[in-house]
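> One structure, as structure tokens, below. Some questions next.
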Amino acid sequence: MADIKISEYSGFCFGVKRAVDMINESLESSHRRIYCLGELIHNRIFNETLRKRGVVFMDNSQLGDIPKDAILFLRAHGTTKQTFDFLNENGIEYIDATCPYVSKIHKIVDSEPKETKVILIGDPNHPEVEGIMSWAKGEGVVFSDESHINATIPKDFRSEEDCILAVQTTFSGAEWIKCRDRIREIYPNVRVYETICSVTENRQRAIKTLAENSDLTVVVGGRNSSNTAKLFSIAGKACVNSIMIESAEELLAHAELIRGAHKIAIAAGASTPSGIIQEVYNKMSNIANEELSFAELLEQSFKTLNTGERVVGIVSAVNPTEVKVDLGTKHTGILPYDEITAESGVNLNELFKVGDEVEVICGKFSDADGTVQLSKKKIDQHKYWEMIKAAKESGEMLTGKVKEIIKNEKGYAGVIALYGPNKVFIPASQTGIPKGEELESLKGQEVSFKIIDINEQRKRAVASIKEPSKISRKEAAETFYNSVNVGDKFEGTVRAIMSYGVFVNLGPVDGMLHISEISWGRPKKPSEVFAEGDKVNVFIKELDKENKRISLGYKTEESDPWYIFQNTYKVGDVVDATVVSIMPFGAFAEIMPDLDGLIHISQISDKPVANPASVLKVGDKVTVKITAADVERRRLSLSIRALLENTDEVVEEAPAEAAEATDAE
Ligand code: SF4
């Protein structure tokens with residue numbers, strides 16, 4: 001006795017069933033003539049039935065011939081924007097049976113500005129692909145497979161341009177992954193939309209598995225249906241005895257094969273009506289002398305779910321705003337961003353990968369869209385609430401991110417931290433921030449808190465970060481002191497500016513950057529150099545682990561102006577300088593930041609100068625000649641007079657007391 005099985009997901013997919021239902025309803029409720037743009041589905045027998053019921057099939061070139069009182073039917077593949085425009089401009093009434101999955105791709109493409117390049121993977125001649133690409137405002141390109149991409153785009157070509165990538169709904173899943181990964185290499189900024197219809201993938205996967213375990217596989221569908229042809233090709237690779245038929249009558253030609261088989265698989269393409277599958281099953285049973293309940297088998301090929309039911313599904317696509325989940329049902333599971341996380345800016349691609357298992361709760365089912373809304377948040381909320389309750393009992397510390405600052409008319413009320421998807425309220429008095437001070441600094445921060453109260457009925461939790469933060473800060477500081485050494489470098493943040501230096505935050509502890517460490521030249525006020533919040537590269541100069549003190553260094557050999565001077569200038573060079581101070585014995589002029597030299601009174605002019613202030617003032621720009629440089633003692637002599645007389649002979653040694661004052665440090 002042969003075991004005959006109908007492959008899961010056989011027959012009309014959601015989109016085709018919807019289009020068939022719509023045309024049936026129109027035929028039953030309207031007396032107007034119905035025209036259909038292209039064949040409604042790729043099934044000769046079914047289309048013949050429609051023809052007999054008065055439906056006229058036509059193509060784009062005949063659009064202008066549609067009588068005014070007729071209705072045009074647009075099939076599940078969808079059509080081009082130009083066709084829609086033509087119909088609207090000419091007042092032709094139409095019923096749009098475009099599958100919502102296809103319409104969604106139209107909307108994605110249509111929402112992009114003309115600067116965005118649209119890349120689509122699919123058959124360039126397929127009406128669905130032509131329809132999708134017609135919505136692109138700017139450049140659009142279609143690749144049929146990975147080899148097409150490689151033949152078109154040079155191997156090392158990379159582009160930063162803004163582009164989106166989508167795929168024909170019925171495209172092969174394995175080939176799509178290859179194409180997607182290759183496009184990501186070429187266009188690293190590409191935004192990927194996983195638009196393969198899970199119905200197609202599921203059907204193909206199911207027939208492969210069933211055919212592998214069968215002696216005979218029968219694929220039922222229109223010979224002009226690409227969907228059926230793909231199924232037949234998959235079946236043929238998995239089962240050596242595979243046949244394709246359009247109707248039950250064709251089985252007679254294979255009676256011998258059927259009688260010799262113990263396990264028989266029946267699969268049907270998306271355009272095959274259930275009536276035809278039933279006929280095939282019945283005929284097959286008769287031939288194999290076997291009568292089983294067809295209705296039962298067809299029903300069993302889909303499992304059913306209800307609202308509120310918890311179920312584990314498989315991630316079939318990840319888009320920026322939602323995740324598609326295969327639940328093994330007729331309905332595609334849609335898990336929207338808001339039902340995954342309460343945090344903003346989360347990249348769903350980092351949370352989910354195609355093939356991941358995910359536990360969800362079923363929400364609203366939509367037969368119109370063929371979808372069921374899912375929620376992961378509800379499951380997580382329950383899970384995290386249990387952990388909150390346990391933490392309240394045990395006193396265990398939890399960690400979460402501060403999402404919101406709560407204010408009322410009296411000032412700051414507290415903050416809301418997220419523990420998983422659950423909100424935990426931390427009163428202002430429990431934040432560890434002194435009374436009256438702003439709480440904004442906590443926003444976005446990861447904090448450890450202790451649950452101090454819960455309301456089981458309202459699922460509310462109150463926590464404190466005061467104690468934990470004190471403890472954890474102390475522990476973190478201890479760890480820091482034990483792990484660092486003199487010479488270690490850090491990028492710190494200026495936390496406070498004092499007259500004698502600045503405190504630089506290094507994470508768990510602060511270090512002191514003394515004023516003498518801030519600049520190489522004459523000491524500058526710390527506030528002239530830094531502002532609070534500035535990032536600063538420092539190193540540990542002195543470390544007192546016992547007393548928990550750190551002195552920081554800022555100046556390095558490379559930033560030493562004398563180091564730079566030696567690599568830039570030499571004695572005899574003529575340079576521009578700025579007068580920075582006037583002394584009775586001459587003027588100091590800066591030739592580069594933090595390095596100034598003395599223009600001795602005798603070198604200010606080619607005429608005698610009694611008082612330098614009578615010739616120069618602070619801020620004057622002067623051109624000077626470098627007449628001497630004592631790197632060891634950090635002294636630099638400059639002369640204006642040497643340039644006026646154009647001779648080195650006029651250069652005289654600066655008096656000792658003046659030279660002492662030329663220390664550039
Ligand atoms: S997108 Fe999927 S559901 Fe819609 S018509 Fe195509 S195969 Fe059917």
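Chain labels A, B, ... are given in the sequence in which chains occur in the structure tokens; within each chain residues are numbered consecutively from 1, and ligands are likewise numbered from 1 in the order shown.
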Do you know which residues are within 6 Å of ligand 1 using only C-alpha atoms and all ligand atoms? Can you write them as a ChimeraX atom specification?
/A:13-16,76,99,101-102,169-170,197,199-200
> Which neighbours of region 40-51 of chain A fall inside 6 Å, counting only C-alpha atoms, when residues of the same chain fewer than 2 positions from it are skipped, and could you give them as a list in words?
Arg53, Gly54, Val55, Arg75, Gly222, Ser225 and Ser271 of chain A
> With only C-alpha atoms as the counted atoms, please give the residues lying no more than 9 Å from Ala97 (chain A), apart from itself and same-chain residues fewer than 3 positions off, as an MDAnalysis selection string.
chainID A and resid 15:16 18:20 22:23 73:78 100
> Could the residues in this selection be saved with N, CA, C and O atoms as a CSV table (one decimal), in the first residue's frame?

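File produced: out22.csv:
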```
chain,number,residue,atom,x,y,z
A,15,GLY,N,-0.6,35.3,-1.7
A,15,GLY,CA,-0.8,36.4,-2.7
A,15,GLY,C,-1.7,35.9,-3.8
A,15,GLY,O,-2.6,36.7,-4.3
A,16,VAL,N,-1.5,34.7,-4.3
A,16,VAL,CA,-2.3,34.2,-5.4
A,16,VAL,C,-3.7,33.9,-4.9
A,16,VAL,O,-4.7,34.3,-5.6
A,18,ARG,N,-5.3,35.4,-2.6
A,18,ARG,CA,-6.0,36.7,-2.5
A,18,ARG,C,-6.5,37.2,-3.8
A,18,ARG,O,-7.6,37.7,-3.9
A,19,ALA,N,-5.6,37.1,-4.9
A,19,ALA,CA,-6.0,37.6,-6.2
A,19,ALA,C,-7.1,36.8,-6.7
A,19,ALA,O,-8.1,37.3,-7.3
A,20,VAL,N,-7.1,35.4,-6.5
A,20,VAL,CA,-8.2,34.6,-7.0
A,20,VAL,C,-9.5,34.9,-6.3
A,20,VAL,O,-10.6,35.0,-7.0
A,22,MET,N,-10.3,37.7,-5.0
A,22,MET,CA,-10.8,39.0,-5.5
A,22,MET,C,-11.5,39.0,-6.8
A,22,MET,O,-12.5,39.6,-7.0
A,23,ILE,N,-10.9,38.2,-7.7
A,23,ILE,CA,-11.5,38.1,-9.1
A,23,ILE,C,-12.9,37.3,-9.0
A,23,ILE,O,-13.8,37.7,-9.7
A,73,PHE,N,-8.3,44.2,-14.1
A,73,PHE,CA,-7.7,43.5,-12.9
A,73,PHE,C,-6.2,43.4,-13.0
A,73,PHE,O,-5.6,43.0,-14.0
A,74,LEU,N,-5.5,43.9,-11.9
A,74,LEU,CA,-4.0,43.8,-11.9
A,74,LEU,C,-3.6,42.7,-11.1
A,74,LEU,O,-4.0,42.6,-9.9
A,75,ARG,N,-2.8,41.8,-11.6
A,75,ARG,CA,-2.5,40.5,-10.9
A,75,ARG,C,-1.5,40.6,-9.8
A,75,ARG,O,-1.0,41.7,-9.6
A,76,ALA,N,-1.3,39.5,-9.1
A,76,ALA,CA,-0.5,39.5,-7.9
A,76,ALA,C,1.0,40.0,-8.1
A,76,ALA,O,1.6,40.5,-7.2
A,77,HIS,N,1.5,39.8,-9.3
A,77,HIS,CA,2.9,40.2,-9.6
A,77,HIS,C,3.1,41.7,-9.5
A,77,HIS,O,4.2,42.2,-9.4
A,78,GLY,N,1.9,42.4,-9.7
A,78,GLY,CA,2.0,43.9,-9.7
A,78,GLY,C,2.3,44.4,-11.1
A,78,GLY,O,2.6,43.5,-12.0
A,100,PRO,N,0.5,42.0,-1.4
A,100,PRO,CA,1.0,43.0,-0.5
A,100,PRO,C,2.5,42.9,-0.3
A,100,PRO,O,3.2,43.9,0.0
```
> Which of region 342-505 of chain A end up as helix (DSSP H, G or I) when DSSP is run on this backbone - answer as number ranges by chain?
A: 348-351, 377-394, 428-430, 440-442, 466-483
> If you count only C-alpha atoms, which residues fall within 8 Å of region 144-154 of chain A, apart from same-chain ones fewer than 2 positions away, as an MDAnalysis selection string?
chainID A and resid 121:124 142 156:157 175:176 178:179 182
> Name all residues at most 10 Å from region 544-559 of chain A (count only C-alpha atoms; drop same-chain ones fewer than 2 positions away) and give them as a ChimeraX atom specification.
/A:477-478,480-482,484-490,502-504,509-514,516-520,536-542,561-564
> Give me a file of those residues, with N, CA and C atoms, as a CSV table (one decimal), in the first residue's frame.

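The file below, part32.csv, is the result:
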```csv
chain,number,residue,atom,x,y,z
A,477,ALA,N,38.0,51.6,41.2
A,477,ALA,CA,39.2,52.4,41.4
A,477,ALA,C,40.4,51.5,41.9
A,478,GLU,N,40.0,50.5,42.8
A,478,GLU,CA,41.0,49.6,43.3
A,478,GLU,C,41.7,48.8,42.2
A,480,PHE,N,41.8,49.7,39.1
A,480,PHE,CA,42.6,50.6,38.3
A,480,PHE,C,44.0,50.8,38.8
A,481,TYR,N,44.1,51.1,40.1
A,481,TYR,CA,45.4,51.4,40.8
A,481,TYR,C,46.3,50.1,40.7
A,482,ASN,N,45.6,49.0,40.8
A,482,ASN,CA,46.4,47.8,40.7
A,482,ASN,C,46.9,47.4,39.3
A,484,VAL,N,47.7,49.8,36.7
A,484,VAL,CA,48.5,50.7,35.9
A,484,VAL,C,49.9,51.0,36.5
A,485,ASN,N,50.7,51.6,35.6
A,485,ASN,CA,52.1,51.8,36.0
A,485,ASN,C,52.5,53.2,35.5
A,486,VAL,N,53.6,53.7,36.0
A,486,VAL,CA,54.2,55.0,35.5
A,486,VAL,C,54.5,54.8,34.1
A,487,GLY,N,54.1,55.8,33.3
A,487,GLY,CA,54.4,55.8,31.9
A,487,GLY,C,53.2,55.4,31.0
A,488,ASP,N,52.2,54.8,31.7
A,488,ASP,CA,51.0,54.3,30.9
A,488,ASP,C,50.3,55.5,30.4
A,489,LYS,N,49.8,55.4,29.1
A,489,LYS,CA,49.1,56.5,28.4
A,489,LYS,C,47.6,56.4,28.5
A,490,PHE,N,46.9,57.5,28.5
A,490,PHE,CA,45.4,57.5,28.5
A,490,PHE,C,44.9,58.6,27.7
A,502,VAL,N,44.7,70.9,36.3
A,502,VAL,CA,43.4,70.4,36.0
A,502,VAL,C,43.3,69.0,36.4
A,503,PHE,N,42.0,68.6,36.8
A,503,PHE,CA,41.8,67.2,37.2
A,503,PHE,C,41.3,66.5,35.9
A,504,VAL,N,42.0,65.4,35.6
A,504,VAL,CA,41.6,64.7,34.4
A,504,VAL,C,41.0,63.3,34.8
A,509,VAL,N,39.0,56.8,38.1
A,509,VAL,CA,39.7,57.7,39.0
A,509,VAL,C,40.1,59.0,38.2
A,510,ASP,N,40.4,60.0,39.0
A,510,ASP,CA,40.9,61.3,38.4
A,510,ASP,C,42.4,61.4,38.7
A,511,GLY,N,43.1,62.0,37.8
A,511,GLY,CA,44.6,62.3,38.0
A,511,GLY,C,44.7,63.8,38.0
A,512,MET,N,45.9,64.3,38.5
A,512,MET,CA,46.1,65.8,38.5
A,512,MET,C,47.2,66.1,37.5
A,513,LEU,N,46.8,67.0,36.6
A,513,LEU,CA,47.8,67.6,35.6
A,513,LEU,C,48.2,68.9,36.1
A,514,HIS,N,49.4,69.0,36.7
A,514,HIS,CA,49.8,70.3,37.3
A,514,HIS,C,50.1,71.4,36.2
A,516,SER,N,52.5,73.2,35.7
A,516,SER,CA,53.8,73.2,35.1
A,516,SER,C,53.9,72.1,34.0
A,517,GLU,N,53.0,71.2,33.9
A,517,GLU,CA,53.0,70.2,32.9
A,517,GLU,C,52.1,70.5,31.7
A,518,ILE,N,51.5,71.7,31.8
A,518,ILE,CA,50.5,72.0,30.7
A,518,ILE,C,51.2,72.6,29.5
A,519,SER,N,52.2,73.5,29.7
A,519,SER,CA,52.8,74.1,28.6
A,519,SER,C,54.3,74.1,28.7
A,520,TRP,N,55.0,74.2,27.6
A,520,TRP,CA,56.5,74.2,27.6
A,520,TRP,C,57.1,75.5,27.9
A,536,VAL,N,41.9,64.8,26.5
A,536,VAL,CA,43.3,65.1,26.6
A,536,VAL,C,44.2,63.8,26.7
A,537,ASN,N,45.3,63.8,25.9
A,537,ASN,CA,46.1,62.6,26.0
A,537,ASN,C,47.2,62.9,27.1
A,538,VAL,N,47.2,62.0,28.1
A,538,VAL,CA,48.1,62.2,29.2
A,538,VAL,C,48.8,60.9,29.5
A,539,PHE,N,49.8,60.9,30.4
A,539,PHE,CA,50.5,59.7,30.8
A,539,PHE,C,50.7,59.8,32.3
A,540,ILE,N,50.9,58.7,33.0
A,540,ILE,CA,51.1,58.7,34.4
A,540,ILE,C,52.5,59.1,34.7
A,541,LYS,N,52.7,60.2,35.4
A,541,LYS,CA,54.1,60.7,35.7
A,541,LYS,C,54.5,60.1,37.0
A,542,GLU,N,53.6,60.2,38.0
A,542,GLU,CA,53.9,59.7,39.3
A,542,GLU,C,52.7,59.0,39.8
A,561,PRO,N,59.2,72.3,22.4
A,561,PRO,CA,59.5,73.3,21.3
A,561,PRO,C,61.0,73.3,20.9
A,562,TRP,N,61.9,73.0,21.9
A,562,TRP,CA,63.3,72.9,21.5
A,562,TRP,C,63.6,71.8,20.6
A,563,TYR,N,62.8,70.7,20.8
A,563,TYR,CA,63.0,69.5,19.9
A,563,TYR,C,62.5,69.9,18.5
A,564,ILE,N,61.4,70.6,18.5
A,564,ILE,CA,60.9,71.0,17.2
A,564,ILE,C,61.8,72.0,16.5
```
> With a distance cut-off of 8 Å and only C-alpha atoms, select the neighbouring residues of Tyr419 (chain A), excluding the residue or stretch itself and same-chain residues fewer than 3 positions from it, and output the selection as a PyMOL selection string.
chain A and resi 384+398-401+422-424
> Could you save those same residues with N, CA, C and O atoms as a CSV table (one decimal), in the first residue's frame?

```csv
chain,number,residue,atom,x,y,z
A,384,TYR,N,12.2,39.0,32.2
A,384,TYR,CA,12.9,40.0,33.0
A,384,TYR,C,12.2,40.4,34.3
A,384,TYR,O,12.8,40.7,35.3
A,398,LEU,N,21.5,44.6,39.6
A,398,LEU,CA,21.2,44.4,38.2
A,398,LEU,C,21.8,45.6,37.5
A,398,LEU,O,22.1,46.6,38.1
A,399,THR,N,21.9,45.4,36.2
A,399,THR,CA,22.5,46.5,35.4
A,399,THR,C,21.5,46.9,34.2
A,399,THR,O,20.9,46.0,33.6
A,400,GLY,N,21.4,48.2,34.0
A,400,GLY,CA,20.5,48.7,32.9
A,400,GLY,C,21.0,50.0,32.5
A,400,GLY,O,21.8,50.7,33.1
A,401,LYS,N,20.4,50.5,31.4
A,401,LYS,CA,20.7,51.8,30.8
A,401,LYS,C,19.7,52.8,31.2
A,401,LYS,O,18.5,52.5,31.0
A,422,ASN,N,11.9,46.0,30.5
A,422,ASN,CA,11.1,46.5,31.7
A,422,ASN,C,11.7,47.8,32.2
A,422,ASN,O,12.9,48.0,32.3
A,423,LYS,N,10.8,48.7,32.6
A,423,LYS,CA,11.2,50.0,33.1
A,423,LYS,C,11.4,49.9,34.6
A,423,LYS,O,10.5,49.4,35.3
A,424,VAL,N,12.5,50.5,35.1
A,424,VAL,CA,12.7,50.5,36.6
A,424,VAL,C,12.9,51.9,37.0
A,424,VAL,O,13.7,52.7,36.4
```
> Could you pull out the strand (DSSP E) residues of region 30-107 of chain A from DSSP and send them as a ChimeraX atom specification?
/A:34-37,56-58,71-74,94-96
> Take CA of Leu644 (chain A) and CA of Glu632 (chain A) and report the distance between them in Å, one decimal.
29.3 Å
